[in-house]
Each structure stands twice: as C-alpha cells, then as structure tokens.
file model15.cif (mmCIF, C-alpha atoms and all ligand atoms)
data_coords
loop_
_atom_site.label_atom_id
_atom_site.label_comp_id
_atom_site.auth_asym_id
_atom_site.auth_seq_id
_atom_site.Cartn_x
_atom_site.Cartn_y
_atom_site.Cartn_z
CA MET Q 1 114.82 118.47 109.78
CA THR Q 2 111.37 117.17 108.85
CA ASP Q 3 108.35 118.99 110.24
CA THR Q 4 106.38 116.28 112.07
CA TYR Q 5 103.31 118.55 112.28
CA HIS Q 6 103.09 119.17 108.53
CA ILE Q 7 101.07 116.11 107.44
CA PRO Q 8 98.85 115.87 110.59
CA ALA Q 9 98.03 119.60 110.32
CA GLN Q 10 97.11 119.25 106.65
CA LEU Q 11 94.97 116.21 107.36
CA LEU Q 12 93.16 118.08 110.11
CA ALA Q 13 92.62 121.19 108.00
CA ASN Q 14 91.06 119.10 105.21
CA ALA Q 15 89.06 116.59 107.25
CA ASN Q 16 85.28 116.45 107.20
CA ARG Q 17 84.70 113.87 109.90
CA VAL Q 18 87.09 113.78 112.82
CA VAL Q 19 87.12 111.45 115.82
CA VAL Q 20 89.12 112.41 118.89
CA PHE Q 21 89.79 109.25 120.91
CA THR Q 22 91.21 109.92 124.36
CA GLY Q 23 92.71 108.01 127.27
CA ALA Q 24 94.05 108.84 130.69
CA GLY Q 25 97.05 110.73 129.26
CA VAL Q 26 94.82 113.60 128.13
CA SER Q 27 93.99 114.33 131.78
CA ALA Q 28 97.53 113.79 133.11
CA GLU Q 29 98.40 117.48 132.87
CA SER Q 30 95.31 118.24 134.98
CA GLY Q 31 96.90 116.18 137.76
CA ILE Q 32 94.75 113.05 137.26
CA PRO Q 33 96.93 109.93 137.47
CA THR Q 34 97.06 107.56 134.50
CA PHE Q 35 96.72 103.79 135.00
CA ARG Q 36 99.93 102.43 133.49
CA GLY Q 37 103.10 104.37 134.01
CA ARG Q 38 106.11 103.65 136.15
CA LEU Q 39 106.06 106.94 138.05
CA SER Q 40 102.45 107.89 138.59
CA GLY Q 41 100.30 105.03 137.20
CA LEU Q 42 97.44 103.96 139.49
CA TRP Q 43 98.12 100.28 138.74
CA GLU Q 44 101.70 100.69 140.09
CA ARG Q 45 100.28 101.59 143.51
CA PHE Q 46 96.98 99.74 143.56
CA GLU Q 47 95.95 96.24 142.50
CA PRO Q 48 93.27 96.32 139.76
CA SER Q 49 91.86 92.92 140.74
CA GLN Q 50 91.12 94.31 144.23
CA LEU Q 51 89.51 97.53 143.00
CA ALA Q 52 88.23 97.42 139.43
CA THR Q 53 86.10 94.28 139.14
CA PRO Q 54 82.58 93.38 140.30
CA ASP Q 55 84.08 90.61 142.49
CA ALA Q 56 86.34 93.16 144.20
CA PHE Q 57 83.31 95.31 145.03
CA MET Q 58 81.43 92.33 146.45
CA ALA Q 59 84.47 91.25 148.49
CA ASP Q 60 85.22 94.67 149.99
CA PRO Q 61 82.69 97.36 149.04
CA GLU Q 62 84.10 99.88 151.50
CA LEU Q 63 87.61 99.66 150.07
CA VAL Q 64 86.34 100.05 146.51
CA TRP Q 65 83.82 102.84 147.22
CA GLY Q 66 86.41 104.77 149.29
CA TRP Q 67 88.98 104.47 146.50
CA TYR Q 68 86.56 105.76 143.85
CA GLU Q 69 85.44 108.62 146.11
CA TRP Q 70 89.12 109.56 146.52
CA ARG Q 71 89.48 109.61 142.72
CA ARG Q 72 86.25 111.61 142.36
CA THR Q 73 87.72 114.17 144.79
CA LEU Q 74 90.83 114.48 142.59
CA VAL Q 75 88.68 115.08 139.52
CA CYS Q 76 86.37 117.56 141.30
CA ASN Q 77 89.40 119.61 142.31
CA ALA Q 78 91.04 119.43 138.87
CA LYS Q 79 90.62 121.76 135.92
CA PRO Q 80 90.58 120.98 132.19
CA ASN Q 81 94.01 121.49 130.64
CA ALA Q 82 95.12 122.95 127.30
CA ALA Q 83 94.44 119.65 125.51
CA HIS Q 84 90.82 119.43 126.70
CA ILE Q 85 90.35 123.07 125.69
CA ALA Q 86 91.91 122.59 122.23
CA ILE Q 87 89.66 119.55 121.63
CA ALA Q 88 86.57 121.58 122.60
CA GLU Q 89 87.69 124.40 120.26
CA LEU Q 90 88.18 121.93 117.42
CA ALA Q 91 84.40 121.39 117.26
CA ALA Q 92 84.03 124.86 115.71
CA ARG Q 93 86.81 124.23 113.18
CA VAL Q 94 85.78 120.96 111.50
CA PRO Q 95 82.44 120.00 109.94
CA ARG Q 96 81.88 117.03 112.28
CA LEU Q 97 83.72 116.10 115.45
CA THR Q 98 83.02 113.21 117.81
CA VAL Q 99 84.88 112.87 121.08
CA VAL Q 100 85.19 109.27 122.27
CA THR Q 101 86.83 108.85 125.65
CA GLN Q 102 87.89 105.96 127.85
CA ASN Q 103 88.09 108.40 130.75
CA VAL Q 104 85.64 108.44 133.62
CA ASP Q 105 86.28 112.11 134.45
CA ASP Q 106 84.21 115.03 133.13
CA LEU Q 107 87.08 117.26 132.03
CA HIS Q 108 86.11 117.17 128.32
CA GLU Q 109 82.62 118.40 129.21
CA ARG Q 110 83.97 121.06 131.56
CA ALA Q 111 86.23 122.30 128.73
CA GLY Q 112 83.12 122.69 126.54
CA SER Q 113 82.93 119.47 124.50
CA ALA Q 114 79.38 118.23 123.87
CA GLY Q 115 78.04 114.74 123.21
CA VAL Q 116 81.16 113.00 124.54
CA LEU Q 117 80.94 109.20 124.24
CA HIS Q 118 82.16 107.66 127.52
CA LEU Q 119 83.15 104.08 126.75
CA HIS Q 120 84.07 103.25 130.37
CA GLY Q 121 81.29 105.14 132.15
CA SER Q 122 81.63 108.04 134.54
CA LEU Q 123 82.59 108.73 138.14
CA ASN Q 124 79.51 110.96 138.32
CA ALA Q 125 76.93 108.27 137.52
CA PRO Q 126 76.77 105.88 140.50
CA ARG Q 127 74.03 103.27 140.39
CA CYS Q 128 72.63 100.42 142.44
CA PHE Q 129 74.71 97.24 142.19
CA ASP Q 130 71.54 95.13 142.44
CA CYS Q 131 68.70 96.90 140.59
CA GLY Q 132 70.67 99.38 138.47
CA ALA Q 133 68.71 102.45 139.64
CA SER Q 134 70.78 105.60 139.31
CA PHE Q 135 71.76 107.35 142.50
CA PRO Q 136 70.18 110.82 142.65
CA ASP Q 137 72.99 112.45 144.64
CA ALA Q 138 75.51 111.62 141.91
CA ALA Q 139 76.58 115.22 141.52
CA MET Q 140 77.23 115.80 145.21
CA LYS Q 141 80.71 116.80 146.22
CA PRO Q 142 82.76 113.85 147.48
CA GLN Q 143 83.88 114.09 151.08
CA GLU Q 144 86.65 111.53 151.12
CA PRO Q 145 90.06 112.96 150.26
CA ASP Q 146 92.22 110.07 151.52
CA ALA Q 147 93.46 107.34 149.12
CA GLY Q 148 93.49 104.52 151.66
CA ARG Q 149 90.30 105.25 153.63
CA ARG Q 150 87.40 102.83 153.52
CA LEU Q 151 83.96 104.33 153.06
CA ALA Q 152 80.61 102.54 153.23
CA PRO Q 153 78.71 102.88 149.95
CA PRO Q 154 75.28 104.50 150.22
CA ARG Q 155 72.23 102.24 149.97
CA CYS Q 156 69.63 102.17 147.18
CA GLN Q 157 66.32 103.76 148.11
CA HIS Q 158 64.41 101.18 146.05
CA CYS Q 159 65.96 97.84 147.04
CA SER Q 160 68.58 98.75 149.73
CA GLY Q 161 71.31 97.33 147.52
CA MET Q 162 74.72 98.92 147.58
CA ILE Q 163 75.47 101.89 145.34
CA ARG Q 164 78.46 101.25 143.07
CA PRO Q 165 80.60 103.58 140.93
CA GLY Q 166 79.14 104.07 137.44
CA VAL Q 167 82.30 102.93 135.67
CA VAL Q 168 83.02 99.85 133.53
CA TRP Q 169 85.10 97.32 135.42
CA PHE Q 170 87.20 94.48 133.98
CA GLY Q 171 84.97 91.67 132.75
CA GLU Q 172 81.98 94.00 132.30
CA SER Q 173 80.47 94.95 128.96
CA LEU Q 174 80.78 98.47 127.67
CA PRO Q 175 77.51 100.46 127.36
CA GLU Q 176 76.13 98.96 124.18
CA GLN Q 177 74.81 102.05 122.40
CA VAL Q 178 77.81 104.20 123.27
CA PHE Q 179 80.13 101.50 122.02
CA ALA Q 180 78.14 101.04 118.79
CA ARG Q 181 78.16 104.78 118.07
CA ALA Q 182 81.89 105.05 118.76
CA PHE Q 183 82.62 102.19 116.35
CA GLU Q 184 80.36 103.70 113.71
CA GLU Q 185 82.02 107.13 113.97
CA ALA Q 186 85.49 105.56 113.85
CA SER Q 187 84.63 103.53 110.76
CA GLN Q 188 83.29 106.60 108.93
CA CYS Q 189 85.79 109.30 109.85
CA ASP Q 190 88.58 110.75 107.68
CA LEU Q 191 90.90 111.39 110.61
CA LEU Q 192 91.20 109.97 114.10
CA LEU Q 193 93.37 111.64 116.73
CA SER Q 194 94.32 109.07 119.38
CA ILE Q 195 95.46 111.01 122.42
CA GLY Q 196 97.06 109.72 125.62
CA THR Q 197 96.17 106.05 125.58
CA SER Q 198 98.35 102.96 125.96
CA GLY Q 199 95.96 101.04 123.68
CA LEU Q 200 96.06 98.00 125.95
CA VAL Q 201 92.46 97.68 127.09
CA GLN Q 202 89.96 95.92 124.85
CA PRO Q 203 87.62 96.46 123.13
CA ALA Q 204 88.32 100.23 123.13
CA ALA Q 205 91.84 99.63 121.82
CA GLN Q 206 90.39 98.45 118.50
CA ILE Q 207 89.05 101.90 117.65
CA PRO Q 208 92.18 103.44 116.02
CA ALA Q 209 92.83 100.23 114.05
CA LEU Q 210 89.21 100.19 112.90
CA ALA Q 211 89.52 103.74 111.59
CA LEU Q 212 92.75 102.87 109.75
CA ALA Q 213 91.23 99.74 108.24
CA ALA Q 214 88.29 101.82 107.00
CA GLY Q 215 90.67 104.19 105.18
CA ALA Q 216 91.08 107.02 107.70
CA SER Q 217 94.37 108.52 108.82
CA VAL Q 218 95.34 108.18 112.47
CA VAL Q 219 97.57 110.52 114.47
CA HIS Q 220 98.86 109.28 117.84
CA ILE Q 221 99.60 112.02 120.36
CA ASN Q 222 101.64 110.66 123.25
CA PRO Q 223 104.99 111.36 124.98
CA GLU Q 224 105.85 107.72 124.23
CA ASN Q 225 106.25 106.74 120.58
CA VAL Q 226 103.29 104.57 119.60
CA GLU Q 227 104.35 101.62 117.47
CA SER Q 228 102.52 101.59 114.16
CA ARG Q 229 103.80 100.31 110.87
CA MET Q 230 100.58 101.11 109.06
CA GLN Q 231 100.52 103.61 106.27
CA ASN Q 232 98.44 106.66 107.20
CA ALA Q 233 99.46 106.42 110.87
CA TYR Q 234 101.50 109.29 112.29
CA ASN Q 235 103.05 110.14 115.65
CA LEU Q 236 103.17 113.54 117.31
CA THR Q 237 105.45 112.82 120.22
CA GLY Q 238 104.83 115.00 123.25
CA ALA Q 239 102.40 115.96 125.98
CA ALA Q 240 98.82 116.45 124.79
CA GLY Q 241 98.60 119.90 126.41
CA GLU Q 242 101.48 121.09 124.25
CA VAL Q 243 100.84 119.16 121.05
CA MET Q 244 97.10 119.81 120.65
CA PRO Q 245 97.20 123.65 120.72
CA GLU Q 246 100.17 123.59 118.33
CA LEU Q 247 98.40 121.19 115.97
CA LEU Q 248 95.34 123.46 115.85
CA ARG Q 249 97.53 126.51 115.31
CA ARG Q 250 99.30 124.82 112.39
CA ALA Q 251 96.08 123.50 110.86
CA PHE Q 252 93.98 126.63 111.10
CA SER Q 253 96.29 129.63 111.22
CA GLY Q 254 95.01 132.13 108.71
CA SER Q 255 91.46 130.76 108.74
CA PRO Q 256 88.72 132.89 110.30
C1 LIG S 301 100.18 111.09 127.91
C2 LIG S 301 100.53 112.10 128.78
C3 LIG S 301 100.33 113.40 128.33
C4 LIG S 301 100.94 110.25 129.77
N1 LIG S 301 99.84 113.62 127.12
N2 LIG S 301 99.70 111.33 126.71
C5 LIG S 301 92.69 89.75 126.01
C6 LIG S 301 92.21 90.21 124.81
C7 LIG S 301 91.09 91.00 124.76
C8 LIG S 301 90.43 91.38 125.92
C9 LIG S 301 90.91 90.94 127.10
C10 LIG S 301 92.00 90.13 127.16
N3 LIG S 301 92.22 89.82 128.46
C11 LIG S 301 91.30 90.45 129.21
C12 LIG S 301 90.48 91.13 128.40
C13 LIG S 301 89.37 91.96 128.78
C14 LIG S 301 89.75 93.28 129.41
C15 LIG S 301 91.08 93.81 128.90
O1 LIG S 301 91.17 94.48 127.89
N4 LIG S 301 92.14 93.57 129.62
C16 LIG S 301 93.47 94.01 129.20
C17 LIG S 301 94.16 94.72 130.34
C18 LIG S 301 94.21 92.81 128.68
N5 LIG S 301 88.68 94.17 129.02
C19 LIG S 301 87.54 94.19 129.69
O2 LIG S 301 87.33 93.48 130.65
C20 LIG S 301 86.48 95.13 129.14
N6 LIG S 301 85.26 94.47 128.97
C21 LIG S 301 85.13 93.46 128.12
O3 LIG S 301 86.05 93.05 127.43
O4 LIG S 301 83.85 92.95 128.08
C22 LIG S 301 83.66 91.72 127.42
C23 LIG S 301 83.80 90.65 128.44
C24 LIG S 301 82.73 90.36 129.23
C25 LIG S 301 82.84 89.35 130.16
C26 LIG S 301 84.06 88.66 130.32
C27 LIG S 301 85.14 89.02 129.55
C28 LIG S 301 85.02 90.02 128.60
C29 LIG S 301 86.23 96.26 130.14
C30 LIG S 301 87.43 97.10 130.29
C31 LIG S 301 87.16 98.17 131.34
C32 LIG S 301 88.42 98.97 131.61
N7 LIG S 301 88.25 99.63 132.81
C33 LIG S 301 89.30 100.59 133.24
C34 LIG S 301 88.88 101.08 134.61
C35 LIG S 301 87.63 101.98 134.49
C36 LIG S 301 87.17 102.42 135.81
C37 LIG S 301 88.18 103.25 136.52
O5 LIG S 301 88.52 104.35 136.03
O6 LIG S 301 88.64 102.79 137.55
O7 LIG S 301 89.38 101.68 132.31
S1 LIG S 301 90.95 99.93 133.23
C38 LIG S 301 91.72 101.42 132.76
O8 LIG S 301 92.36 101.23 131.47
C39 LIG S 301 90.59 102.43 132.52
C40 LIG S 301 91.04 103.10 131.25
O9 LIG S 301 89.94 103.71 130.60
C41 LIG S 301 91.64 101.96 130.47
C42 LIG S 301 92.58 102.40 129.38
O10 LIG S 301 93.70 103.04 129.91
P1 LIG S 301 94.32 104.29 129.14
O11 LIG S 301 93.35 105.39 129.07
O12 LIG S 301 94.92 103.85 127.87
O13 LIG S 301 95.44 104.76 130.20
P2 LIG S 301 96.91 104.17 130.43
O14 LIG S 301 97.31 104.59 131.78
O15 LIG S 301 97.00 102.73 130.08
O16 LIG S 301 97.80 104.95 129.35
C43 LIG S 301 98.05 106.35 129.46
C44 LIG S 301 98.80 106.81 128.23
O17 LIG S 301 98.92 108.22 128.30
C45 LIG S 301 100.22 106.24 128.12
O18 LIG S 301 100.44 105.78 126.79
C46 LIG S 301 101.12 107.45 128.40
O19 LIG S 301 102.35 107.41 127.69
C47 LIG S 301 100.24 108.57 127.95
N8 LIG S 301 100.49 109.88 128.56
N9 LIG S 301 101.03 111.51 129.95
C48 LIG S 301 99.55 112.53 126.34
N10 LIG S 301 100.67 114.47 129.13
ZN ZN S 302 68.53 99.06 144.00
#
call {"tool": "encode", "arguments": {"input": "model15.cif", "output": "structure tokens"}}
result
Amino acid sequence: MTDTYHIPAQLLANANRVVVFTGAGVSAESGIPTFRGRLSGLWERFEPSQLATPDAFMADPELVWGWYEWRRTLVCNAKPNAAHIAIAELAARVPRLTVVTQNVDDLHERAGSAGVLHLHGSLNAPRCFDCGASFPDAAMKPQEPDAGRRLAPPRCQHCSGMIRPGVVWFGESLPEQVFARAFEEASQCDLLLSIGTSGLVQPAAQIPALALAAGASVVHINPENVESRMQNAYNLTGAAGEVMPELLRRAFSGSP
C-alpha cells in the first residue's frame, strides 16, 4: 500500500515558504457549520440571497443581523480544534508561514496563529453600512442564541446608519490589501496546504491554482477527494483535525 503522507510530509519538511489556505471545513470539527454540505451546510437550510448580500441586508436588516449574531454565538462558544492548533504550531517549524483564511471566525487566532489574512472579513468587525465607521462594541458577547430570531442592528453613533456584519457578501469586493498579500504569498510559496474548502467561491478559489502555476506544490486536505490532474497536487483524504497533526508528526518527527 502506498503511503499517502510520504510526499506531502517531505515537501513540508523541506519547504521554506508555506501558505496554509483554509475554508469552513477547518472549523467543522469545532462545531461550526460549513456552507455547502448535504448534512450540515448552512446553504442547505438558509438561502444565501436572503442573508449574504447587501440587498438582503437592505431588504430585511433584522433577519440578517439576527442570523449573523446567531453564528457569532456559535463561534464564541466554540474552541479551536486539533487542525487549528497544528497550523499554529507549524509557524515554529517552517521558516515562513502565512495563514490565509476564507473563514469569518477567529479560531485560528485563538489557537495561536498570528497575522492571519481574512479574505472574507470577520464576524468580530461590524461596521456602519452607510459611513463605514467600525462599531466599538465589536468584541461584546452576542446575546442572540436562536437561529431564526430577528434582531435590530445597532445604529452608528456618527451617522445613525445601521451597523452591518464585517464580512464580505456576494457581489462585494474582498479587502484589497489582504487579497493582494494573499495572492503574493501564494505566488511565492514552495508549498500550499489547502484545507477544508470546496473551492467554489471566487476569487479566493484561484489561490491554490495560482500557487501551482507559480511552481509550488499543493496538498488538499479534505474528507472529499479534491479533483486535480495537475502535477505537484496531492490529496490527503480525511478530516483536518486528524490529518494535520499526523502530517506534522510525519514531517518533523526527530527534529528538535
Ligand atoms: C472538511 C471537513 C473537515 C468538511 N476537515 N475539510 C462566476 C465566476 C466567478 C465569480 C462569480 C461567478 N458567479 C458569481 C461570482 C461571484 C461570487 C462567487 O464566487 N460565486 C460563486 C458561488 C459562483 N463571488 C463574489 O461575489 C465575491 N466577490 C467578488 O467576486 O467581487 C467582485 C465582484 C464585485 C461586484 C459584482 C460581482 C463581482 C465575494 C464572495 C464572498 C463569499 N462570501 C461567503 C460568505 C461570507 C460571510 C459569511 O460567513 O456569511 O464566504 S460565501 C461562503 O463561501 C463563505 C466562505 O468563505 C466561502 C467559501 O466556502 P468554503 O470555505 O469553501 O466552505 P464550503 O462549505 O463550500 O466547503 C467546505 C469544505 O470543507 C468541503 O469541501 C468539505 O468537504 C470540507 N470539510 N468537513 C476538512 N472536518
Ligand atoms: Zn455611520
């Protein structure tokens, strides 16, 4: 039987510049639902066009704010899992590591990762829909545990506009500098680990392909096999919380 870890572990042990690119699957074992997935995907139960666009917020701000406060409650009550922890530990094992995430939770940071690039914003950075001012009580504990409950968004102290979640909705641009840095790191790395993403949402989905095109190796870590016919692309099939600690063990066992 071939050892599927052999090549990815060697690549990791020898890499100078590593990018870890994560999606919702990395937080699944912390109890945070993914978006696309027949059993527990958010988009199976909720309609994205009614919740994750600027028009949806304008049409029904209470529905949208209540839904995001429910999701913020889930994240507040969750803990980083073994994958987040392994990724944070990796920073001490490789010369340069950049974590690029599509996730709006803070579980990478709570596991100890620094300088995480959040392509799709953060649940903890609400801002005014009208003037863009950030909302100072962003770190307060959410008080809305119920998925279906409407909740009036707070008002901006500068212009009385409505406060909106600090995430990137469909049709919105990604934060320009974050996006530029993520693309730069991906185009200059030796190895990119793509963990727990369906690779369906643009432009973030271009990041693994960009790394491959620039000559890096890419390892997909996902319970579903990720289709890739490119040379230098590998699959480690399994849950991130199991695969990541094992990958680190294989890559660095014996090193100090
Ligand atoms: C595990 C696991 C375990 C499970 N271990 N793994 C056609 C071409 C190009 C672009 C477009 C297009 N049509 C429309 C667009 C634009 C659109 C887009 O890409 N749409 C596609 C759906 C087609 N993109 C945009 O609108 C973006 N902006 C943009 O393009 O700006 C330019 C523009 C401006 C003006 C007009 C038009 C364009 C913005 C995209 C913002 C995405 N926002 C969301 C919501 C964020 C806020 C929130 O959290 O509510 O971001 S959508 C949602 O998807 C969220 C995620 O970050 C993103 C990606 O999902 P992810 O992370 O991959 O999760 P899943 O659920 O899809 O996959 C989970 C994976 O984990 C699965 O593979 C599982 O198998 C795996 N897994 N358990 C490891 N234990
Ligand atoms: Zn304002």
call {"tool": "closest_residue", "arguments": {"input": "model15.cif", "among": "Q:Glu89, Q:Leu12, Q:Gly132, Q:His108", "to": "Ser217 in chain Q", "atoms": "all atoms listed in the file"}}
result
Q:Leu12
call {"tool": "closest_residue", "arguments": {"input": "model15.cif", "among": "Q:Met230, Q:Leu236, Q:Ala24, Q:Met244", "to": "ligand LIG 301 (chain S)", "atoms": "only C-alpha atoms and all ligand atoms"}}
result
Q:Ala24
call {"tool": "closest_residue", "arguments": {"input": "model15.cif", "among": "Q:Asp130, Q:Glu224, Q:Glu69, Q:Asp105", "to": "ligand ZN 302 (chain S)", "atoms": "only C-alpha atoms and all ligand atoms"}}
result
Q:Asp130
call {"tool": "residues_around", "arguments": {"input": "model15.cif", "residues": "Gln206 in chain Q", "least_positions_apart": "4", "cutoff": "12 Å", "atoms": "all atoms listed in the file", "output": "ChimeraX atom specification"}}
result
/Q:21,179,182-183,186-187,194,197-202,210-213
call {"tool": "closest_residue", "arguments": {"input": "model15.cif", "among": "Q:Ser134, Q:Thr101, Q:Ser228, Q:Ser113", "to": "ligand ZN 302 (chain S)", "atoms": "all atoms listed in the file"}}
result
Q:Ser134
call {"tool": "residues_near_ligand", "arguments": {"input": "model15.cif", "ligand": "ligand ZN 302 (chain S)", "cutoff": "12 Å", "atoms": "only C-alpha atoms and all ligand atoms", "output": "JSON list (two decimals) with C-alpha atoms, in the coordinates of the input"}}
result
[["chain", "number", "residue", "atom", "x", "y", "z"],
["Q", 126, "PRO", "CA", 76.77, 105.88, 140.50],
["Q", 127, "ARG", "CA", 74.03, 103.27, 140.39],
["Q", 128, "CYS", "CA", 72.63, 100.42, 142.44],
["Q", 129, "PHE", "CA", 74.71, 97.24, 142.19],
["Q", 130, "ASP", "CA", 71.54, 95.13, 142.44],
["Q", 131, "CYS", "CA", 68.70, 96.90, 140.59],
["Q", 132, "GLY", "CA", 70.67, 99.38, 138.47],
["Q", 133, "ALA", "CA", 68.71, 102.45, 139.64],
["Q", 134, "SER", "CA", 70.78, 105.60, 139.31],
["Q", 135, "PHE", "CA", 71.76, 107.35, 142.50],
["Q", 136, "PRO", "CA", 70.18, 110.82, 142.65],
["Q", 154, "PRO", "CA", 75.28, 104.50, 150.22],
["Q", 155, "ARG", "CA", 72.23, 102.24, 149.97],
["Q", 156, "CYS", "CA", 69.63, 102.17, 147.18],
["Q", 157, "GLN", "CA", 66.32, 103.76, 148.11],
["Q", 158, "HIS", "CA", 64.41, 101.18, 146.05],
["Q", 159, "CYS", "CA", 65.96, 97.84, 147.04],
["Q", 160, "SER", "CA", 68.58, 98.75, 149.73],
["Q", 161, "GLY", "CA", 71.31, 97.33, 147.52],
["Q", 162, "MET", "CA", 74.72, 98.92, 147.58],
["Q", 163, "ILE", "CA", 75.47, 101.89, 145.34],
["Q", 164, "ARG", "CA", 78.46, 101.25, 143.07]]
call {"tool": "residues_near_ligand", "arguments": {"input": "model15.cif", "ligand": "ligand LIG 301 (chain S)", "cutoff": "7 Å", "atoms": "all atoms listed in the file", "output": "ChimeraX atom specification"}}
result
/Q:22-26,28-29,34-37,41,52,102-104,120,167-174,195-203,221-224,238-241
call {"tool": "write_last_selection", "arguments": {"input": "model15.cif", "atoms": "C-alpha atoms", "output": "JSON list (two decimals), in the coordinates of the input"}}
result
[["chain", "number", "residue", "atom", "x", "y", "z"],
["Q", 22, "THR", "CA", 91.21, 109.92, 124.36],
["Q", 23, "GLY", "CA", 92.71, 108.01, 127.27],
["Q", 24, "ALA", "CA", 94.05, 108.84, 130.69],
["Q", 25, "GLY", "CA", 97.05, 110.73, 129.26],
["Q", 26, "VAL", "CA", 94.82, 113.60, 128.13],
["Q", 28, "ALA", "CA", 97.53, 113.79, 133.11],
["Q", 29, "GLU", "CA", 98.40, 117.48, 132.87],
["Q", 34, "THR", "CA", 97.06, 107.56, 134.50],
["Q", 35, "PHE", "CA", 96.72, 103.79, 135.00],
["Q", 36, "ARG", "CA", 99.93, 102.43, 133.49],
["Q", 37, "GLY", "CA", 103.10, 104.37, 134.01],
["Q", 41, "GLY", "CA", 100.30, 105.03, 137.20],
["Q", 52, "ALA", "CA", 88.23, 97.42, 139.43],
["Q", 102, "GLN", "CA", 87.89, 105.96, 127.85],
["Q", 103, "ASN", "CA", 88.09, 108.40, 130.75],
["Q", 104, "VAL", "CA", 85.64, 108.44, 133.62],
["Q", 120, "HIS", "CA", 84.07, 103.25, 130.37],
["Q", 167, "VAL", "CA", 82.30, 102.93, 135.67],
["Q", 168, "VAL", "CA", 83.02, 99.85, 133.53],
["Q", 169, "TRP", "CA", 85.10, 97.32, 135.42],
["Q", 170, "PHE", "CA", 87.20, 94.48, 133.98],
["Q", 171, "GLY", "CA", 84.97, 91.67, 132.75],
["Q", 172, "GLU", "CA", 81.98, 94.00, 132.30],
["Q", 173, "SER", "CA", 80.47, 94.95, 128.96],
["Q", 174, "LEU", "CA", 80.78, 98.47, 127.67],
["Q", 195, "ILE", "CA", 95.46, 111.01, 122.42],
["Q", 196, "GLY", "CA", 97.06, 109.72, 125.62],
["Q", 197, "THR", "CA", 96.17, 106.05, 125.58],
["Q", 198, "SER", "CA", 98.35, 102.96, 125.96],
["Q", 199, "GLY", "CA", 95.96, 101.04, 123.68],
["Q", 200, "LEU", "CA", 96.06, 98.00, 125.95],
["Q", 201, "VAL", "CA", 92.46, 97.68, 127.09],
["Q", 202, "GLN", "CA", 89.96, 95.92, 124.85],
["Q", 203, "PRO", "CA", 87.62, 96.46, 123.13],
["Q", 221, "ILE", "CA", 99.60, 112.02, 120.36],
["Q", 222, "ASN", "CA", 101.64, 110.66, 123.25],
["Q", 223, "PRO", "CA", 104.99, 111.36, 124.98],
["Q", 224, "GLU", "CA", 105.85, 107.72, 124.23],
["Q", 238, "GLY", "CA", 104.83, 115.00, 123.25],
["Q", 239, "ALA", "CA", 102.40, 115.96, 125.98],
["Q", 240, "ALA", "CA", 98.82, 116.45, 124.79],
["Q", 241, "GLY", "CA", 98.60, 119.90, 126.41]]
call {"tool": "atom_distance", "arguments": {"input": "model15.cif", "atom1": "CA of Thr73 in chain Q", "atom2": "CA of Leu123 in chain Q"}}
result
10.0 Å
call {"tool": "residues_around", "arguments": {"input": "model15.cif", "residues": "Ile87 in chain Q", "least_positions_apart": "2", "cutoff": "12 Å", "atoms": "all atoms listed in the file", "output": "PDB file with C-alpha atoms, in the coordinates of the input"}}
result
ATOM      1  CA  VAL Q  18      87.090 113.780 112.820  1.00  0.00           C
ATOM      2  CA  VAL Q  19      87.120 111.450 115.820  1.00  0.00           C
ATOM      3  CA  VAL Q  20      89.120 112.410 118.890  1.00  0.00           C
ATOM      4  CA  PHE Q  21      89.790 109.250 120.910  1.00  0.00           C
ATOM      5  CA  THR Q  22      91.210 109.920 124.360  1.00  0.00           C
ATOM      6  CA  VAL Q  26      94.820 113.600 128.130  1.00  0.00           C
ATOM      7  CA  PRO Q  80      90.580 120.980 132.190  1.00  0.00           C
ATOM      8  CA  ASN Q  81      94.010 121.490 130.640  1.00  0.00           C
ATOM      9  CA  ALA Q  82      95.120 122.950 127.300  1.00  0.00           C
ATOM     10  CA  ALA Q  83      94.440 119.650 125.510  1.00  0.00           C
ATOM     11  CA  HIS Q  84      90.820 119.430 126.700  1.00  0.00           C
ATOM     12  CA  ILE Q  85      90.350 123.070 125.690  1.00  0.00           C
ATOM     13  CA  GLU Q  89      87.690 124.400 120.260  1.00  0.00           C
ATOM     14  CA  LEU Q  90      88.180 121.930 117.420  1.00  0.00           C
ATOM     15  CA  ALA Q  91      84.400 121.390 117.260  1.00  0.00           C
ATOM     16  CA  ALA Q  92      84.030 124.860 115.710  1.00  0.00           C
ATOM     17  CA  ARG Q  93      86.810 124.230 113.180  1.00  0.00           C
ATOM     18  CA  VAL Q  94      85.780 120.960 111.500  1.00  0.00           C
ATOM     19  CA  LEU Q  97      83.720 116.100 115.450  1.00  0.00           C
ATOM     20  CA  THR Q  98      83.020 113.210 117.810  1.00  0.00           C
ATOM     21  CA  VAL Q  99      84.880 112.870 121.080  1.00  0.00           C
ATOM     22  CA  VAL Q 100      85.190 109.270 122.270  1.00  0.00           C
ATOM     23  CA  THR Q 101      86.830 108.850 125.650  1.00  0.00           C
ATOM     24  CA  LEU Q 107      87.080 117.260 132.030  1.00  0.00           C
ATOM     25  CA  HIS Q 108      86.110 117.170 128.320  1.00  0.00           C
ATOM     26  CA  GLU Q 109      82.620 118.400 129.210  1.00  0.00           C
ATOM     27  CA  ARG Q 110      83.970 121.060 131.560  1.00  0.00           C
ATOM     28  CA  ALA Q 111      86.230 122.300 128.730  1.00  0.00           C
ATOM     29  CA  GLY Q 112      83.120 122.690 126.540  1.00  0.00           C
ATOM     30  CA  SER Q 113      82.930 119.470 124.500  1.00  0.00           C
ATOM     31  CA  ALA Q 114      79.380 118.230 123.870  1.00  0.00           C
ATOM     32  CA  VAL Q 116      81.160 113.000 124.540  1.00  0.00           C
ATOM     33  CA  LEU Q 193      93.370 111.640 116.730  1.00  0.00           C
ATOM     34  CA  SER Q 194      94.320 109.070 119.380  1.00  0.00           C
ATOM     35  CA  ILE Q 195      95.460 111.010 122.420  1.00  0.00           C
ATOM     36  CA  ALA Q 240      98.820 116.450 124.790  1.00  0.00           C
ATOM     37  CA  GLY Q 241      98.600 119.900 126.410  1.00  0.00           C
ATOM     38  CA  VAL Q 243     100.840 119.160 121.050  1.00  0.00           C
ATOM     39  CA  MET Q 244      97.100 119.810 120.650  1.00  0.00           C
ATOM     40  CA  PRO Q 245      97.200 123.650 120.720  1.00  0.00           C
ATOM     41  CA  GLU Q 246     100.170 123.590 118.330  1.00  0.00           C
ATOM     42  CA  LEU Q 247      98.400 121.190 115.970  1.00  0.00           C
ATOM     43  CA  LEU Q 248      95.340 123.460 115.850  1.00  0.00           C
TER      44      LEU Q 248
END
call {"tool": "atom_distance", "arguments": {"input": "model15.cif", "atom1": "CA of Gly121 in chain Q", "atom2": "CA of Ser30 in chain Q"}}
result
19.4 Å
call {"tool": "closest_residue", "arguments": {"input": "model15.cif", "among": "Q:Gly31, Q:Gly215, Q:Pro48, Q:Gly115", "to": "Gln231 in chain Q", "atoms": "all atoms listed in the file"}}
result
Q:Gly215
call {"tool": "closest_residue", "arguments": {"input": "model15.cif", "among": "Q:Pro8, Q:Pro61, Q:Pro165, Q:Pro54", "to": "Ala125 in chain Q", "atoms": "all atoms listed in the file"}}
result
Q:Pro165
call {"tool": "atom_distance", "arguments": {"input": "model15.cif", "atom1": "CA of Leu39 in chain Q", "atom2": "CA of Leu119 in chain Q"}}
result
25.7 Å
